[in-house]
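Visitor: What follows is my_file-v8.csv, made up of CSV, C-alpha atoms:
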chain,number,residue,atom,x,y,z
A,1,MET,CA,-0.6,-10.4,-18.2
A,2,ILE,CA,-0.8,-6.8,-19.5
A,3,THR,CA,2.1,-4.4,-18.8
A,4,VAL,CA,1.8,-0.7,-19.3
A,5,ASN,CA,4.8,1.5,-19.3
A,6,LEU,CA,3.9,5.1,-18.5
A,7,TYR,CA,6.5,7.8,-19.0
A,8,TYR,CA,5.6,10.9,-16.9
A,9,SER,CA,7.5,14.0,-18.0
A,10,GLY,CA,7.5,17.5,-16.5
A,11,GLN,CA,9.8,20.3,-15.5
A,12,ASN,CA,11.8,21.3,-12.5
A,13,GLY,CA,11.8,17.7,-11.0
A,14,ASN,CA,8.0,17.5,-11.0
A,15,ALA,CA,7.9,13.9,-12.3
A,16,HIS,CA,10.1,12.8,-9.4
A,17,LYS,CA,7.9,14.8,-7.0
A,18,PHE,CA,4.8,13.1,-8.3
A,19,ALA,CA,6.3,9.6,-7.8
A,20,GLU,CA,7.5,10.6,-4.3
A,21,GLU,CA,4.0,11.8,-3.4
A,22,MET,CA,2.4,8.6,-4.8
A,23,GLU,CA,4.7,6.5,-2.6
A,24,LYS,CA,4.6,8.7,0.6
A,25,SER,CA,0.8,9.1,0.5
A,26,GLY,CA,0.3,5.4,0.3
A,27,THR,CA,-1.6,5.6,-3.0
A,28,ALA,CA,1.0,3.4,-4.8
A,29,ASP,CA,0.6,0.8,-2.1
A,30,LYS,CA,-3.2,0.9,-2.4
A,31,ILE,CA,-2.8,0.3,-6.1
A,32,ARG,CA,-0.4,-2.6,-5.5
A,33,SER,CA,-3.0,-4.2,-3.2
A,34,GLU,CA,-5.8,-4.0,-5.8
A,35,LYS,CA,-7.1,-7.3,-7.1
A,36,GLY,CA,-5.3,-8.2,-10.3
A,37,ASN,CA,-2.3,-5.9,-9.8
A,38,VAL,CA,1.0,-7.7,-10.5
A,39,ARG,CA,3.4,-4.8,-10.5
A,40,TYR,CA,3.5,-1.1,-9.8
A,41,ASP,CA,7.0,0.3,-9.7
A,42,TYR,CA,8.7,3.7,-10.5
A,43,PHE,CA,12.0,4.0,-12.2
A,44,PHE,CA,14.2,7.0,-13.1
A,45,PRO,CA,15.8,7.0,-16.6
A,46,MET,CA,19.5,8.0,-16.3
A,47,ASN,CA,19.5,10.0,-19.5
A,48,ASP,CA,16.3,12.1,-18.7
A,49,PRO,CA,16.1,13.7,-15.3
A,50,GLU,CA,12.6,15.1,-16.0
A,51,THR,CA,11.0,11.8,-16.7
A,52,VAL,CA,9.8,9.0,-14.5
A,53,LEU,CA,8.9,5.5,-15.8
A,54,LEU,CA,6.0,3.6,-14.1
A,55,ILE,CA,5.8,-0.1,-14.9
A,56,ASP,CA,2.3,-1.1,-14.2
A,57,ALA,CA,1.2,-4.7,-14.8
A,58,TRP,CA,-2.2,-6.4,-14.4
A,59,GLU,CA,-3.5,-9.9,-14.7
A,60,ASP,CA,-6.0,-9.0,-17.4
A,61,GLN,CA,-8.0,-6.2,-18.9
A,62,ASP,CA,-10.8,-6.7,-16.4
A,63,ALA,CA,-8.3,-5.8,-13.6
A,64,ILE,CA,-7.2,-2.7,-15.5
A,65,ASP,CA,-10.8,-1.7,-16.1
A,66,ALA,CA,-11.6,-2.1,-12.3
A,67,HIS,CA,-8.6,0.0,-11.5
A,68,HIS,CA,-9.6,2.7,-13.9
A,69,ALA,CA,-13.1,2.8,-12.3
A,70,SER,CA,-11.7,3.1,-8.8
A,71,THR,CA,-11.5,6.3,-6.7
A,72,MET,CA,-7.7,6.2,-6.9
A,73,MET,CA,-7.9,7.3,-10.5
A,74,GLN,CA,-9.1,10.7,-9.4
A,75,THR,CA,-6.2,10.9,-6.9
A,76,ILE,CA,-3.8,10.1,-9.7
A,77,THR,CA,-5.4,12.5,-12.1
A,78,ASP,CA,-5.3,15.3,-9.5
A,79,LEU,CA,-1.6,14.7,-8.8
A,80,ARG,CA,-0.7,14.7,-12.5
A,81,GLU,CA,-2.5,18.0,-12.8
A,82,LYS,CA,-0.8,19.4,-9.7
A,83,TYR,CA,2.7,18.6,-11.1
A,84,ASP,CA,1.7,19.5,-14.8
A,85,LEU,CA,2.8,16.1,-16.1
A,86,HIS,CA,2.5,14.8,-19.7
A,87,MET,CA,2.5,11.1,-20.5
A,88,LYS,CA,3.7,8.7,-23.1
A,89,VAL,CA,2.2,5.2,-22.9
A,90,GLU,CA,3.3,1.8,-24.1
A,91,ARG,CA,1.3,-1.4,-23.7
A,92,PHE,CA,2.5,-5.0,-23.9
A,93,ILE,CA,0.8,-8.4,-23.6
A,94,SER,CA,3.1,-11.1,-22.1
A,95,GLU,CA,3.9,-14.3,-23.8
A,96,ASN,CA,6.0,-17.3,-22.8
A,97,MET,CA,9.7,-16.8,-23.5
A,98,PRO,CA,11.0,-18.7,-26.4
A,99,LYS,CA,13.7,-21.3,-25.6
A,100,SER,CA,16.0,-19.6,-28.0
A,101,ASP,CA,16.0,-16.5,-25.7
A,102,LYS,CA,16.6,-18.4,-22.5
A,103,GLY,CA,20.3,-18.9,-23.3
A,104,PHE,CA,20.9,-15.2,-23.0
A,105,ILE,CA,19.4,-14.8,-19.5
A,106,ARG,CA,21.5,-15.3,-16.5
A,107,SER,CA,19.4,-16.4,-13.5
Translate the structure described by the file into structure tokens.
Guide:
Amino acid sequence: MITVNLYYSGQNGNAHKFAEEMEKSGTADKIRSEKGNVRYDYFFPMNDPETVLLIDAWEDQDAIDAHHASTMMQTITDLREKYDLHMKVERFISENMPKSDKGFIRS
């Protein structure tokens, strides 16, 4: 699995407005229903009211590539422009959790 953390930052609450429009318009749900999507969720950092974190996870690179080639990317790009957002991106590839870490996790 590949997880991408996207930090959307703007001014005057625009990052929050962007996330709200993605949800209310149904665009986020369309992305969630795409083949290979594992997770697509927005979070709001407590220490930065002008940033929204999107955790976006996919089964593999082929699923990400198909998403990037979809018509939804233009919708997302248009909304980022509308709200004048800037992005920071982090990318992670999942691995099995080591046994030594499992003792620190409460299920």
Visitor: For Gly13 of chain A, please output as a list of chain:residue names all residues within 12 Å (counting all atoms listed in the file; exclusion window: fewer than 6 positions along the same chain).
Guide: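 After dropping sequence-adjacent residues, the list is A:Ala19, A:Glu20, A:Phe44, A:Asp48, A:Pro49, A:Glu50, A:Thr51, A:Val52, A:Tyr83, A:Asp84, A:Leu85.
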Visitor: Do you have, as JSON lines, the list of residues of segment 52-74 of chain A lying at most 12 Å from segment 86-102 of chain A, each with its nearest atom pair and that distance in Å to one decimal, counting only C-alpha atoms and ordered by chain then number?
Guide:
{"residue": "A:Val52", "atom": "CA", "partner": "A:Met87", "partner_atom": "CA", "distance": 9.7}
{"residue": "A:Leu53", "atom": "CA", "partner": "A:Lys88", "partner_atom": "CA", "distance": 9.5}
{"residue": "A:Leu54", "atom": "CA", "partner": "A:Val89", "partner_atom": "CA", "distance": 9.7}
{"residue": "A:Ile55", "atom": "CA", "partner": "A:Glu90", "partner_atom": "CA", "distance": 9.7}
{"residue": "A:Asp56", "atom": "CA", "partner": "A:Arg91", "partner_atom": "CA", "distance": 9.6}
{"residue": "A:Ala57", "atom": "CA", "partner": "A:Phe92", "partner_atom": "CA", "distance": 9.2}
{"residue": "A:Trp58", "atom": "CA", "partner": "A:Ile93", "partner_atom": "CA", "distance": 9.9}
{"residue": "A:Glu59", "atom": "CA", "partner": "A:Ser94", "partner_atom": "CA", "distance": 10.0}
{"residue": "A:Asp60", "atom": "CA", "partner": "A:Ile93", "partner_atom": "CA", "distance": 9.2}
{"residue": "A:Gln61", "atom": "CA", "partner": "A:Ile93", "partner_atom": "CA", "distance": 10.2}
{"residue": "A:Ile64", "atom": "CA", "partner": "A:Arg91", "partner_atom": "CA", "distance": 11.9}
Visitor: Can you pull out the residues contacting Met22 of chain A? Cut-off 10 Å, using only C-alpha atoms, and skip same-chain residues under 3 positions away; I want them as an MDAnalysis selection string.
Guide: chainID A and resid 16:19 25:31 42 75:76 79
Visitor: So how far away is atom CA of Thr77 of chain A from atom CA of Leu6 of chain A, in Å?
Guide: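 About the pair atom CA of Leu6 of chain A and atom CA of Thr77 of chain A: they are 13.5 Å apart.
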Visitor: Using all atoms listed in the file, can you list as a PDB file with C-alpha atoms, keeping the file's coordinate frame the residues within 9 Å of (-13.8, -8.8, -10.6)?
Guide:
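The resulting file, selection.pdb, is shown below:
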ATOM      1  CA  LYS A  35      -7.100  -7.300  -7.100  1.00  0.00           C
ATOM      2  CA  GLY A  36      -5.300  -8.200 -10.300  1.00  0.00           C
ATOM      3  CA  ASP A  62     -10.800  -6.700 -16.400  1.00  0.00           C
ATOM      4  CA  ALA A  63      -8.300  -5.800 -13.600  1.00  0.00           C
ATOM      5  CA  ALA A  66     -11.600  -2.100 -12.300  1.00  0.00           C
TER       6      ALA A  66
END
Visitor: Rank A:Arg32, A:Arg39, A:Lys82, A:Lys24 by their smallest atom-to-atom distance to Asn5 of chain A, using all atoms listed in the file, and report the top residue only.
Guide: A:Arg39
Visitor: In Å, with one decimal, what is the gap from atom CA of Phe43 of chain A to atom CA of Gln11 of chain A?
Guide: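 Spanning atom CA of Phe43 of chain A to atom CA of Gln11 of chain A is a straight-line distance of 16.8 Å.
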Visitor: Draw an axis-aligned box tight on the listed atoms of segment 70-89 of chain A, then pad every side by 5 Å and write out centre and edge lengths in Å to one decimal as AutoDock Vina command-line options.
Guide:
--center_x -4.0 --center_y 11.3 --center_z -14.9 --size_x 25.4 --size_y 26.4 --size_z 26.4
